[in-house]
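Trainee: I'm passing along entry_37.cif; it holds mmCIF, C-alpha atoms.
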```cif
data_work
loop_
_atom_site.label_atom_id
_atom_site.label_comp_id
_atom_site.auth_asym_id
_atom_site.auth_seq_id
_atom_site.Cartn_x
_atom_site.Cartn_y
_atom_site.Cartn_z
CA MET T 263 22.36 -14.09 28.11
CA SER T 264 19.61 -16.47 27.05
CA GLU T 265 20.19 -19.93 25.60
CA VAL T 266 20.49 -21.04 22.02
CA ARG T 267 16.99 -22.02 20.91
CA LYS T 268 16.20 -24.57 18.22
CA ARG T 269 13.62 -23.42 15.70
CA ARG T 270 12.10 -25.14 12.69
CA PHE T 271 12.47 -23.07 9.55
CA VAL T 272 9.94 -24.04 6.89
CA VAL T 273 11.51 -22.63 3.75
CA ALA T 274 9.97 -22.38 0.28
CA ARG T 275 12.06 -24.16 -2.36
CA PHE T 276 11.81 -23.99 -6.12
CA ASP T 277 14.27 -25.35 -8.65
CA PRO T 278 13.26 -24.26 -12.14
CA ASP T 279 14.97 -27.32 -13.65
CA ARG T 280 13.18 -29.86 -11.45
CA ASP T 281 10.08 -28.45 -9.80
CA ALA T 282 6.77 -27.70 -11.48
CA GLU T 283 5.60 -25.79 -8.40
CA PRO T 284 7.28 -24.32 -5.30
CA ARG T 285 7.51 -26.74 -2.36
CA THR T 286 8.67 -26.41 1.24
CA GLN T 287 11.61 -27.89 3.14
CA THR T 288 12.08 -27.87 6.91
CA TYR T 289 15.38 -27.22 8.70
CA GLU T 290 16.21 -27.33 12.42
CA VAL T 291 18.30 -24.27 13.24
CA PRO T 292 20.01 -23.59 16.61
CA CYS T 293 19.31 -19.85 16.78
CA GLN T 294 21.53 -17.57 18.82
CA PRO T 295 19.52 -14.99 20.79
CA ASP T 296 21.05 -12.05 18.93
CA TRP T 297 20.45 -13.46 15.44
CA LYS T 298 18.46 -11.83 12.73
CA VAL T 299 16.32 -13.97 10.44
CA LEU T 300 19.00 -13.62 7.76
CA ASP T 301 21.56 -15.21 10.12
CA ALA T 302 19.36 -18.29 10.36
CA LEU T 303 19.10 -18.49 6.57
CA ASN T 304 22.87 -18.11 6.23
CA TYR T 305 23.29 -20.90 8.81
CA ILE T 306 21.08 -23.15 6.68
CA LYS T 307 23.09 -22.25 3.59
CA ASP T 308 26.49 -22.71 5.26
CA GLU T 309 25.85 -25.69 7.54
CA LEU T 310 22.78 -27.62 6.43
CA ASP T 311 21.96 -27.21 2.75
CA SER T 312 24.22 -25.36 0.36
CA THR T 313 21.62 -25.61 -2.42
CA LEU T 314 19.38 -23.00 -0.77
CA SER T 315 19.31 -19.73 -2.72
CA HIS T 316 18.57 -16.37 -1.15
CA ARG T 317 19.66 -12.79 -1.80
CA TRP T 318 21.47 -10.63 0.71
CA SER T 319 24.32 -8.16 0.79
CA CYS T 320 24.81 -5.34 3.30
CA ARG T 321 23.30 -6.85 6.51
CA MET T 322 22.38 -3.35 7.73
CA ALA T 323 19.01 -2.57 6.11
CA VAL T 324 20.50 -0.39 3.40
CA CYS T 325 20.79 -2.46 0.21
CA GLY T 326 17.23 -3.83 0.24
CA SER T 327 18.26 -7.26 -1.09
CA CYS T 328 17.04 -9.60 1.62
CA GLY T 329 13.29 -8.97 1.58
CA MET T 330 11.20 -12.14 2.08
CA ASN T 331 7.89 -13.18 3.58
CA VAL T 332 8.54 -14.24 7.16
CA ASP T 333 5.49 -15.85 8.75
CA GLY T 334 3.44 -14.31 5.97
CA LYS T 335 4.66 -10.73 6.41
CA PRO T 336 7.02 -9.01 3.96
CA THR T 337 10.15 -8.47 6.04
CA LEU T 338 13.71 -7.26 5.62
CA THR T 339 15.41 -10.34 7.08
CA CYS T 340 18.64 -8.58 8.07
CA LYS T 341 16.65 -6.14 10.22
CA GLN T 342 14.18 -8.52 11.88
CA ALA T 343 15.38 -10.33 15.01
CA VAL T 344 14.63 -14.04 15.12
CA GLU T 345 13.72 -13.73 18.82
CA GLY T 346 10.27 -12.40 18.03
CA TYR T 347 9.21 -15.64 16.34
CA GLY T 348 7.97 -18.94 17.74
CA ASP T 349 9.32 -22.47 17.38
CA GLN T 350 8.38 -22.57 13.71
CA VAL T 351 9.21 -19.82 11.22
CA GLU T 352 7.90 -19.88 7.65
CA ILE T 353 10.06 -18.24 5.00
CA GLU T 354 8.72 -17.65 1.51
CA PRO T 355 9.81 -15.47 -1.40
CA LEU T 356 8.11 -12.08 -1.68
CA SER T 357 4.50 -12.36 -2.82
CA ASN T 358 3.40 -10.97 -6.19
CA PHE T 359 6.80 -11.61 -7.82
CA PRO T 360 7.76 -14.45 -10.17
CA VAL T 361 10.24 -16.75 -8.39
CA ILE T 362 13.57 -17.53 -10.05
CA ARG T 363 14.80 -19.98 -7.44
CA ASP T 364 13.92 -20.72 -3.80
CA LEU T 365 13.71 -17.27 -2.16
CA VAL T 366 15.03 -15.27 -5.10
CA VAL T 367 12.47 -13.28 -7.05
CA GLU T 368 12.53 -11.77 -10.54
CA LEU T 369 13.36 -8.04 -10.45
CA GLU T 370 12.88 -7.03 -14.08
CA GLY T 371 9.20 -6.05 -13.81
CA PHE T 372 9.95 -3.92 -10.76
CA LEU T 373 12.86 -2.15 -12.44
CA GLU T 374 10.74 -1.41 -15.51
CA LYS T 375 8.09 0.18 -13.28
CA LEU T 376 10.69 2.29 -11.48
CA GLN T 377 12.09 3.56 -14.76
CA HIS T 378 8.61 4.39 -16.05
CA VAL T 379 8.21 7.33 -13.62
CA LYS T 380 11.42 9.09 -14.75
CA PRO T 381 13.13 8.90 -11.34
CA TRP T 382 15.67 11.60 -11.99
CA ILE T 383 15.78 15.42 -12.03
CA VAL T 384 14.15 16.63 -15.24
CA ARG T 385 15.09 20.14 -16.34
CA ALA T 386 13.40 22.10 -19.14
CA LYS T 387 16.86 23.41 -20.03
CA GLU T 388 20.07 22.02 -18.57
CA LEU T 389 22.04 24.61 -16.66
CA ALA T 390 25.66 25.23 -17.53
CA VAL T 391 28.18 24.07 -14.95
CA GLU T 392 29.35 27.67 -14.62
CA ALA T 393 25.88 28.62 -13.34
CA GLY T 394 26.73 26.82 -10.11
CA PRO T 395 24.54 24.54 -8.00
CA VAL T 396 20.78 24.85 -7.89
CA ARG T 397 20.13 25.98 -4.36
CA GLN T 398 17.45 24.46 -2.17
CA SER T 399 16.22 25.65 1.19
CA PRO T 400 15.96 23.25 4.18
CA GLU T 401 12.16 23.62 3.96
CA GLU T 402 12.19 22.57 0.30
CA LEU T 403 14.42 19.64 1.13
CA GLU T 404 12.20 18.52 3.98
CA LEU T 405 9.19 18.21 1.65
CA PHE T 406 10.61 15.16 -0.12
CA THR T 407 13.32 13.80 2.18
CA GLN T 408 11.10 11.11 3.65
CA PHE T 409 10.26 9.74 0.19
CA SER T 410 13.93 9.56 -0.80
CA TYR T 411 14.73 7.00 1.91
CA CYS T 412 13.38 4.14 -0.23
CA ILE T 413 15.91 1.30 -0.62
CA ASN T 414 13.92 -0.56 -3.32
CA CYS T 415 13.46 -3.61 -1.11
CA MET T 416 10.10 -4.31 -2.79
CA LEU T 417 8.34 -5.23 0.47
CA CYS T 418 5.61 -2.74 -0.43
CA TYR T 419 4.90 -4.60 -3.69
CA ALA T 420 4.67 -7.89 -1.83
CA ALA T 421 2.17 -6.42 0.64
CA CYS T 422 0.01 -4.52 -1.85
CA PRO T 423 -3.33 -6.21 -2.65
CA VAL T 424 -3.69 -4.10 -5.80
CA VAL T 425 -0.41 -5.38 -7.27
CA ALA T 426 -1.65 -8.94 -6.77
CA ASN T 427 -4.79 -8.35 -8.81
CA GLU T 428 -3.77 -5.69 -11.31
CA PRO T 429 -0.40 -6.46 -12.90
CA GLU T 430 -0.14 -3.13 -14.75
CA PHE T 431 -0.36 -1.19 -11.46
CA LEU T 432 2.79 0.93 -11.12
CA GLY T 433 2.91 0.15 -7.43
CA PRO T 434 3.96 1.91 -4.23
CA ALA T 435 7.73 2.35 -4.57
CA ALA T 436 7.63 3.64 -8.15
CA ILE T 437 4.85 6.13 -7.46
CA ALA T 438 6.52 7.31 -4.23
CA LEU T 439 9.74 7.83 -6.18
CA GLY T 440 7.98 9.77 -8.94
CA HIS T 441 6.22 11.89 -6.31
CA ARG T 442 9.55 12.50 -4.60
CA TYR T 443 10.88 14.13 -7.79
CA ASN T 444 7.61 15.96 -8.46
CA ILE T 445 7.92 17.85 -5.18
CA ASP T 446 11.66 18.46 -5.49
CA SER T 447 12.14 22.21 -6.10
CA ARG T 448 15.00 21.52 -8.57
CA ASP T 449 12.82 19.38 -10.82
CA GLU T 450 10.75 20.60 -13.77
CA GLY T 451 9.31 17.27 -14.92
CA ALA T 452 6.13 17.19 -12.83
CA HIS T 453 3.86 17.70 -15.87
CA GLU T 454 5.37 14.66 -17.62
CA ARG T 455 5.11 12.50 -14.53
CA ASN T 456 1.60 13.66 -13.73
CA GLU T 457 0.54 12.62 -17.24
CA ILE T 458 1.95 9.18 -16.48
CA PHE T 459 0.26 9.20 -13.08
CA ARG T 460 -3.12 9.98 -14.63
CA GLY T 461 -2.83 7.00 -16.97
CA GLU T 462 -4.36 3.58 -16.44
CA GLY T 463 -2.94 1.40 -13.66
CA THR T 464 -1.27 4.18 -11.75
CA ILE T 465 -2.20 6.35 -8.77
CA PHE T 466 -5.98 6.05 -9.10
CA SER T 467 -5.78 2.25 -8.97
CA CYS T 468 -4.58 2.57 -5.37
CA SER T 469 -7.41 1.91 -2.94
CA TYR T 470 -5.41 3.12 0.08
CA ALA T 471 -5.04 -0.22 1.80
CA ASN T 472 -2.01 1.34 3.52
CA GLU T 473 -0.25 -2.05 3.62
CA CYS T 474 2.79 -0.63 1.78
CA SER T 475 3.39 1.82 4.59
CA GLU T 476 2.81 -0.82 7.26
CA VAL T 477 5.65 -3.01 5.98
CA CYS T 478 8.11 -0.33 4.82
CA PRO T 479 11.34 -0.84 6.82
CA LYS T 480 12.52 2.73 6.18
CA HIS T 481 9.24 4.52 7.08
CA VAL T 482 8.95 6.03 3.62
CA ASP T 483 5.14 5.90 3.81
CA PRO T 484 4.39 5.17 0.14
CA ALA T 485 0.63 5.28 0.81
CA ALA T 486 0.96 8.93 1.79
CA ALA T 487 3.03 9.62 -1.33
CA ILE T 488 0.45 7.99 -3.61
CA ASN T 489 -2.44 9.90 -2.12
CA GLN T 490 -0.55 13.19 -2.21
CA ALA T 491 0.31 12.41 -5.83
CA LYS T 492 -3.41 11.92 -6.58
CA PHE T 493 -4.14 15.43 -5.34
CA ASN T 494 -1.21 16.97 -7.22
CA ALA T 495 -2.10 15.15 -10.45
CA VAL T 496 -5.68 16.49 -10.32
CA ILE T 497 -4.49 20.05 -9.60
CA ASP T 498 -1.98 19.72 -12.47
CA TRP T 499 -4.79 18.55 -14.80
CA ALA T 500 -7.11 21.39 -13.72
CA THR T 501 -4.46 24.08 -14.11
CA SER T 502 -3.48 22.72 -17.52
CA LEU T 503 -7.08 23.33 -18.64
CA VAL T 504 -7.24 26.97 -17.60
CA LEU T 505 -3.68 28.28 -17.94
CA PRO T 506 -2.07 29.26 -21.25
CA ARG T 507 0.10 26.52 -22.82
CA GLY T 508 -1.25 24.06 -20.25
CA GLY T 509 0.43 25.91 -17.41
CA ARG T 510 3.92 25.03 -18.65
CA MET S 110 1.76 -22.03 0.27
CA ALA S 111 -0.38 -19.04 -0.63
CA ARG S 112 -2.69 -19.16 -3.64
CA PRO S 113 -1.50 -17.86 -7.02
CA ALA S 114 -1.57 -14.12 -7.73
CA HIS S 115 -2.28 -12.75 -11.19
CA PRO S 116 0.13 -14.71 -13.42
CA HIS S 117 1.65 -11.50 -14.80
CA ALA S 118 1.99 -9.64 -11.49
CA MET S 119 5.39 -7.87 -11.45
CA ALA S 120 6.51 -9.80 -14.53
CA ALA S 121 8.88 -8.16 -17.00
CA SER S 122 7.37 -7.00 -20.30
CA LYS S 123 9.67 -9.46 -22.09
CA PRO S 124 10.12 -12.83 -20.38
CA GLY S 125 13.73 -13.68 -19.51
CA ARG S 126 15.49 -16.92 -20.34
CA THR S 127 15.14 -18.31 -16.85
CA ARG S 128 11.95 -20.21 -16.13
CA THR S 129 10.19 -18.75 -13.11
CA ALA S 130 7.49 -19.97 -10.77
CA PRO S 131 4.33 -17.87 -11.00
CA PRO S 132 3.80 -15.17 -8.36
CA ARG S 133 1.74 -15.91 -5.25
CA MET S 134 -0.78 -13.73 -3.45
CA PRO S 135 0.16 -12.30 -0.04
CA PRO S 136 -0.43 -15.33 2.23
CA GLU S 137 -2.94 -13.59 4.49
CA PHE S 138 -5.00 -11.95 1.73
CA PRO S 139 -7.94 -11.33 1.91
CA MET S 140 -9.40 -12.41 5.26
CA ARG S 141 -6.53 -13.05 7.66
CA GLY S 142 -4.28 -10.87 9.75
CA ARG S 143 -3.47 -7.43 8.48
CA TYR S 144 -5.75 -7.66 5.45
CA ARG S 145 -8.95 -8.27 7.39
CA ALA S 146 -9.55 -4.58 8.16
CA TYR S 147 -8.92 -3.62 4.52
CA THR S 148 -11.29 -6.31 3.20
CA LEU S 149 -13.98 -5.32 5.69
CA PHE S 150 -13.49 -1.69 4.67
CA ASP S 151 -14.12 -2.60 1.04
CA ALA S 152 -17.06 -4.85 2.00
CA THR S 153 -18.85 -1.91 3.59
CA GLY S 154 -19.51 -0.74 0.02
CA LEU S 155 -22.21 -3.42 -0.13
CA VAL S 156 -23.88 -1.95 2.96
CA TYR S 157 -23.91 1.51 1.34
CA LEU S 158 -25.32 0.08 -1.89
CA LEU S 159 -28.19 -1.46 0.10
CA LEU S 160 -28.69 1.82 1.99
CA GLY S 161 -28.90 3.65 -1.34
CA LEU S 162 -31.53 1.22 -2.60
CA LEU S 163 -33.44 1.69 0.64
CA ALA S 164 -33.36 5.47 0.19
CA LEU S 165 -34.73 5.03 -3.33
CA ARG S 166 -37.51 2.83 -2.00
CA LEU S 167 -38.43 5.51 0.57
CA ALA S 168 -38.41 8.24 -2.09
CA TRP S 169 -40.71 6.04 -4.18
CA ALA S 170 -43.04 5.55 -1.19
CA LEU S 171 -43.05 9.31 -0.58
CA GLY S 172 -44.22 9.85 -4.15
CA ASP S 173 -47.00 7.30 -3.72
CA GLY S 174 -48.68 9.22 -0.93
CA GLU S 175 -49.09 9.18 2.82
CA ALA S 176 -50.41 5.62 3.09
CA ALA S 177 -47.41 4.19 1.23
CA TRP S 178 -45.03 6.29 3.35
CA SER S 179 -46.65 5.10 6.60
CA ALA S 180 -46.48 1.49 5.43
CA ALA S 181 -42.77 1.89 4.62
CA MET S 182 -42.14 3.42 8.06
CA ALA S 183 -44.04 0.61 9.73
CA GLY S 184 -41.93 -1.89 7.81
CA PHE S 185 -38.80 -0.50 9.47
CA ARG S 186 -39.94 -2.01 12.78
CA ASN S 187 -39.14 -5.42 11.33
CA PRO S 188 -36.18 -6.92 13.27
CA LEU S 189 -34.32 -7.51 10.00
CA TYR S 190 -34.41 -3.80 9.21
CA LEU S 191 -33.31 -2.99 12.75
CA ALA S 192 -30.39 -5.41 12.40
CA PHE S 193 -29.49 -3.92 9.02
CA HIS S 194 -29.47 -0.40 10.42
CA ALA S 195 -27.32 -1.51 13.34
CA LEU S 196 -24.91 -3.00 10.78
CA ALA S 197 -25.00 0.25 8.80
CA LEU S 198 -24.15 2.23 11.95
CA VAL S 199 -21.18 -0.02 12.67
CA SER S 200 -20.06 0.32 9.03
CA VAL S 201 -20.23 4.10 9.14
CA LEU S 202 -18.27 4.25 12.39
CA PHE S 203 -15.65 1.83 11.05
CA VAL S 204 -15.23 3.62 7.72
CA GLY S 205 -15.27 7.05 9.34
CA VAL S 206 -12.59 6.22 11.90
CA ARG S 207 -10.36 4.47 9.31
CA PHE S 208 -10.79 7.28 6.79
CA PHE S 209 -10.07 9.96 9.39
CA ARG S 210 -6.96 8.08 10.55
CA LEU S 211 -5.52 7.97 7.03
CA PHE S 212 -6.77 11.37 5.81
CA PRO S 213 -4.13 13.72 7.34
CA LYS S 214 -1.16 12.10 5.64
CA ALA S 215 -2.90 12.22 2.25
CA GLN S 216 -2.76 16.01 2.28
CA PRO S 217 -0.43 17.66 -0.25
CA PRO S 218 2.74 18.88 1.47
CA LYS S 219 2.15 22.33 -0.01
CA LEU S 220 -0.45 24.05 -2.15
CA GLY S 221 1.22 27.13 -3.55
CA PRO S 222 2.34 29.15 -0.53
CA LEU S 223 -0.10 27.34 1.77
CA GLU S 224 0.71 24.37 3.97
CA PRO S 225 -1.99 22.03 5.28
CA PRO S 226 -2.75 22.23 9.00
CA SER S 227 -1.11 19.71 11.31
CA ALA S 228 -2.60 16.22 11.68
CA PRO S 229 -4.20 16.89 15.12
CA VAL S 230 -5.92 20.00 13.72
CA ILE S 231 -7.25 18.08 10.69
CA LEU S 232 -8.42 15.22 12.92
CA GLY S 233 -10.07 17.64 15.33
CA GLY S 234 -11.85 19.34 12.43
CA LEU S 235 -13.06 16.04 10.97
CA TYR S 236 -14.36 14.66 14.25
CA GLY S 237 -15.81 18.05 15.20
CA ALA S 238 -17.69 18.29 11.89
CA TRP S 239 -18.92 14.71 12.29
CA ILE S 240 -20.27 15.38 15.77
CA ALA S 241 -21.84 18.70 14.70
CA VAL S 242 -23.63 17.12 11.70
CA THR S 243 -24.80 14.20 13.86
CA LEU S 244 -26.19 16.58 16.50
CA LEU S 245 -27.87 18.72 13.82
CA LEU S 246 -29.54 15.72 12.16
CA GLY S 247 -30.50 14.35 15.58
CA ALA S 248 -32.15 17.67 16.45
CA ILE S 249 -34.03 17.73 13.12
CA LEU S 250 -35.24 14.13 13.53
CA ALA S 251 -36.29 14.79 17.12
CA GLY S 252 -38.40 17.74 15.96
CA GLY S 253 -36.24 20.32 17.71
CA ILE S 254 -35.58 22.18 14.43
CA PHE S 255 -38.20 22.78 11.70
#
```
Show this structure as structure tokens.

Mentor:
Amino acid sequence: MSEVRKRRFVVARFDPDRDAEPRTQTYEVPCQPDWKVLDALNYIKDELDSTLSHRWSCRMAVCGSCGMNVDGKPTLTCKQAVEGYGDQVEIEPLSNFPVIRDLVVELEGFLEKLQHVKPWIVRAKELAVEAGPVRQSPEELELFTQFSYCINCMLCYAACPVVANEPEFLGPAAIALGHRYNIDSRDEGAHERNEIFRGEGTIFSCSYANECSEVCPKHVDPAAAINQAKFNAVIDWATSLVLPRGGR
Amino acid sequence: MARPAHPHAMAASKPGRTRTAPPRMPPEFPMRGRYRAYTLFDATGLVYLLLGLLALRLAWALGDGEAAWSAAMAGFRNPLYLAFHALALVSVLFVGVRFFRLFPKAQPPKLGPLEPPSAPVILGGLYGAWIAVTLLLGAILAGGIF
């Protein structure tokens, strides 16, 4: 087993009551070889500086709370081993998000965007319980399964160059989630969502940088979802022109 | 610290009570690390704009008669034009390869009863069509056809 290795962690700090701008603070951390980046942050919090604020919960890449920029790359810190980094590791809050304190970012804007795409099963008419479950074949399930693995860690928003320049852009996770419901055989809300998708600042703002998919820790591939959604939204628009009652 | 992003990036529609620091751009954007390829991809648009203007100039010369056309052709021997065309070739290769790499996963999972072909088949078709069109144009320019 390899030795404990000391690393310098350069951590972004911001206290809304004292700081006009974010600043950095450096900590020497004796890293165990099996540590994740989150373990080093928890060491700082527990042993060196209890004023450091960062979010985390499950420690197993499920809750999506501990996303941060590590050496400039949006990273889920509970999943990323510290061994892959050099003697100095830079930790910053996720890019493109307002910062509440230190490494904690504001979630409200993200949650509003998620809600905007109606991320739930929409039915034209609710079925009675007595009608039983709506059945779905394994093939129908497979179409959207990949896009339902999103844990809302927001790394894709931090990596997206369009989000940085165009604040109204719905962004990768929200569009991928909307697309996931659009291709779910139980859902009947695709027309509504496609109208949202054809609006300003949505799917056609995406220039396919593919950065969202590069950083996604769950391999959801939001870039694929967005570009599939573009195609579906155009087909939906075209069919609504030629079919009676807009194809509904 | 990275430079500031748009001040309202990912902000809530109604500001909360807590004062927040403004959002920052991704640290490596636009020219470092992972973003370099994306920025270069976008920058190739400038090359295509110049190519379009060049095509317009040639069409203009064609309308002005044989002397103007010959003069335009002679102008292409200028080293600057040669360098520009070499740059255009690199741009086309770069954009083509990047586009082809990303194209298969942008296909809709299903279109009615039809499913798109697998990624290797799509890639094979794209590269095959590219090679066929290149060979065809090469044969036309070499005088082999027409």

Trainee: Which residues come within 8 Å of Ile353 of chain T, counting only C-alpha atoms, excluding same-chain residues fewer than 4 positions away, as a CSV table (one decimal) with C-alpha atoms, in the frame of the given file?

Mentor:
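Result file is part32.csv:
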```csv
chain,number,residue,atom,x,y,z
T,271,PHE,CA,12.5,-23.1,9.6
T,272,VAL,CA,9.9,-24.0,6.9
T,273,VAL,CA,11.5,-22.6,3.8
T,274,ALA,CA,10.0,-22.4,0.3
T,330,MET,CA,11.2,-12.1,2.1
T,331,ASN,CA,7.9,-13.2,3.6
T,332,VAL,CA,8.5,-14.2,7.2
T,333,ASP,CA,5.5,-15.8,8.8
T,334,GLY,CA,3.4,-14.3,6.0
```

Trainee: Using Å and a single decimal, report how far atom CA of Ala111 of chain S sits from atom CA of Thr286 of chain T.

Mentor: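 Computing it gives 11.8 Å between the two atoms.
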
Trainee: Identify all chain T residues at most 6 Å from chain S by counting only C-alpha atoms; ligands do not count. Present them as a PDB file with C-alpha atoms, keeping the file's coordinate frame.

Mentor:
```
ATOM      1  CA  PRO T 278      13.260 -24.260 -12.140  1.00  0.00           C
ATOM      2  CA  GLY T 334       3.440 -14.310   5.970  1.00  0.00           C
ATOM      3  CA  SER T 357       4.500 -12.360  -2.820  1.00  0.00           C
ATOM      4  CA  ASN T 358       3.400 -10.970  -6.190  1.00  0.00           C
ATOM      5  CA  PHE T 359       6.800 -11.610  -7.820  1.00  0.00           C
ATOM      6  CA  PRO T 360       7.760 -14.450 -10.170  1.00  0.00           C
ATOM      7  CA  VAL T 361      10.240 -16.750  -8.390  1.00  0.00           C
ATOM      8  CA  ILE T 362      13.570 -17.530 -10.050  1.00  0.00           C
ATOM      9  CA  GLU T 370      12.880  -7.030 -14.080  1.00  0.00           C
ATOM     10  CA  GLY T 371       9.200  -6.050 -13.810  1.00  0.00           C
ATOM     11  CA  ALA T 426      -1.650  -8.940  -6.770  1.00  0.00           C
ATOM     12  CA  ASN T 427      -4.790  -8.350  -8.810  1.00  0.00           C
ATOM     13  CA  PRO T 429      -0.400  -6.460 -12.900  1.00  0.00           C
ATOM     14  CA  ALA T 471      -5.040  -0.220   1.800  1.00  0.00           C
ATOM     15  CA  ALA T 486       0.960   8.930   1.790  1.00  0.00           C
ATOM     16  CA  ASN T 489      -2.440   9.900  -2.120  1.00  0.00           C
ATOM     17  CA  GLN T 490      -0.550  13.190  -2.210  1.00  0.00           C
TER      18      GLN T 490
END
```

Trainee: Please identify all polymer residues within 9 Å of Asp296 of chain T, counting all atoms listed in the file, omitting same-chain residues fewer than 4 positions from it, and present them as a PyMOL selection string.

Mentor: chain T and resi 343-345

Trainee: Can you write just those residues out, C-alpha atoms, as a CSV table (one decimal), in the coordinates of the input?

Mentor:
```csv
chain,number,residue,atom,x,y,z
T,343,ALA,CA,15.4,-10.3,15.0
T,344,VAL,CA,14.6,-14.0,15.1
T,345,GLU,CA,13.7,-13.7,18.8
```

Trainee: Evaluated on this file, the PyMOL selection byres ((chain T and resi 407-423) around 9) picks out some residues - which ones are they, written as a tab-separated table (two decimals) with C-alpha atoms, in the coordinates of the input?

Mentor:
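After the write, part-v3.tsv holds the following:
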```
chain	number	residue	atom	x	y	z
T	323	ALA	CA	19.01	-2.57	6.11
T	324	VAL	CA	20.50	-0.39	3.40
T	325	CYS	CA	20.79	-2.46	0.21
T	326	GLY	CA	17.23	-3.83	0.24
T	327	SER	CA	18.26	-7.26	-1.09
T	328	CYS	CA	17.04	-9.60	1.62
T	329	GLY	CA	13.29	-8.97	1.58
T	330	MET	CA	11.20	-12.14	2.08
T	331	ASN	CA	7.89	-13.18	3.58
T	335	LYS	CA	4.66	-10.73	6.41
T	336	PRO	CA	7.02	-9.01	3.96
T	337	THR	CA	10.15	-8.47	6.04
T	338	LEU	CA	13.71	-7.26	5.62
T	356	LEU	CA	8.11	-12.08	-1.68
T	357	SER	CA	4.50	-12.36	-2.82
T	358	ASN	CA	3.40	-10.97	-6.19
T	359	PHE	CA	6.80	-11.61	-7.82
T	372	PHE	CA	9.95	-3.92	-10.76
T	403	LEU	CA	14.42	19.64	1.13
T	404	GLU	CA	12.20	18.52	3.98
T	405	LEU	CA	9.19	18.21	1.65
T	406	PHE	CA	10.61	15.16	-0.12
T	424	VAL	CA	-3.69	-4.10	-5.80
T	425	VAL	CA	-0.41	-5.38	-7.27
T	426	ALA	CA	-1.65	-8.94	-6.77
T	427	ASN	CA	-4.79	-8.35	-8.81
T	428	GLU	CA	-3.77	-5.69	-11.31
T	433	GLY	CA	2.91	0.15	-7.43
T	434	PRO	CA	3.96	1.91	-4.23
T	435	ALA	CA	7.73	2.35	-4.57
T	436	ALA	CA	7.63	3.64	-8.15
T	438	ALA	CA	6.52	7.31	-4.23
T	439	LEU	CA	9.74	7.83	-6.18
T	441	HIS	CA	6.22	11.89	-6.31
T	442	ARG	CA	9.55	12.50	-4.60
T	443	TYR	CA	10.88	14.13	-7.79
T	471	ALA	CA	-5.04	-0.22	1.80
T	472	ASN	CA	-2.01	1.34	3.52
T	473	GLU	CA	-0.25	-2.05	3.62
T	474	CYS	CA	2.79	-0.63	1.78
T	475	SER	CA	3.39	1.82	4.59
T	476	GLU	CA	2.81	-0.82	7.26
T	477	VAL	CA	5.65	-3.01	5.98
T	478	CYS	CA	8.11	-0.33	4.82
T	479	PRO	CA	11.34	-0.84	6.82
T	480	LYS	CA	12.52	2.73	6.18
T	481	HIS	CA	9.24	4.52	7.08
T	482	VAL	CA	8.95	6.03	3.62
T	483	ASP	CA	5.14	5.90	3.81
T	484	PRO	CA	4.39	5.17	0.14
T	487	ALA	CA	3.03	9.62	-1.33
S	119	MET	CA	5.39	-7.87	-11.45
S	134	MET	CA	-0.78	-13.73	-3.45
S	135	PRO	CA	0.16	-12.30	-0.04
S	138	PHE	CA	-5.00	-11.95	1.73
S	139	PRO	CA	-7.94	-11.33	1.91
S	144	TYR	CA	-5.75	-7.66	5.45
```

Trainee: Box time for segment 318-337 of chain T: axis-aligned, enclosing all its listed atoms, 5 Å extra on each side; report centre and edge lengths in Å to one decimal, as JSON.

Mentor:
```
{"center_x": 14.1, "center_y": -8.1, "center_z": 3.8, "size_x": 31.4, "size_y": 25.5, "size_z": 19.8}
```

Trainee: Excluding segment 177-184 of chain S and its own-chain neighbours fewer than 3 positions away, which residues fall within 12 Å of it when counting all atoms listed in the file? Please give them as a tab-separated table (two decimals) with C-alpha atoms, in the frame of the given file.

Mentor:
```tsv
chain	number	residue	atom	x	y	z
S	163	LEU	CA	-33.44	1.69	0.64
S	164	ALA	CA	-33.36	5.47	0.19
S	165	LEU	CA	-34.73	5.03	-3.33
S	166	ARG	CA	-37.51	2.83	-2.00
S	167	LEU	CA	-38.43	5.51	0.57
S	168	ALA	CA	-38.41	8.24	-2.09
S	169	TRP	CA	-40.71	6.04	-4.18
S	170	ALA	CA	-43.04	5.55	-1.19
S	171	LEU	CA	-43.05	9.31	-0.58
S	172	GLY	CA	-44.22	9.85	-4.15
S	173	ASP	CA	-47.00	7.30	-3.72
S	174	GLY	CA	-48.68	9.22	-0.93
S	187	ASN	CA	-39.14	-5.42	11.33
S	188	PRO	CA	-36.18	-6.92	13.27
S	189	LEU	CA	-34.32	-7.51	10.00
S	190	TYR	CA	-34.41	-3.80	9.21
S	191	LEU	CA	-33.31	-2.99	12.75
```

Trainee: Pick the closest to Gln350 of chain T from T:Tyr289, T:Ile383, T:Thr501, T:Leu314: which is it, counting only C-alpha atoms?

Mentor: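 The shortest atom-to-atom distance to Gln350 of chain T comes from T:Tyr289.
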
Trainee: Selected by the PyMOL selection byres ((chain T and resi 299-306) around 6) in the shown coordinates: which residues, as a PyMOL selection string?

Mentor: chain T and resi 297-298+307-311+339-340+343-344

Trainee: Report the distance between atom CA of Ser467 of chain T and atom CA of Pro229 of chain S in Å, rounded to one decimal place.

Mentor: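 Here the two named atoms are 28.2 Å from each other.
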
Trainee: Near Phe209 of chain S, within 12 Å and counting all atoms listed in the file, which residues show up once chain neighbours fewer than 5 positions away are dropped, as a list in words?

Mentor: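 Near Phe209 of chain S, the qualifying residues are Val201, Leu202, Phe203, Val204, Lys214, Ala215, Gln216, Ala228, Pro229, Val230, Ile231, Leu232, Gly233, Gly234, Leu235, Tyr236, Gly237, Ala238 and Trp239 of chain S.
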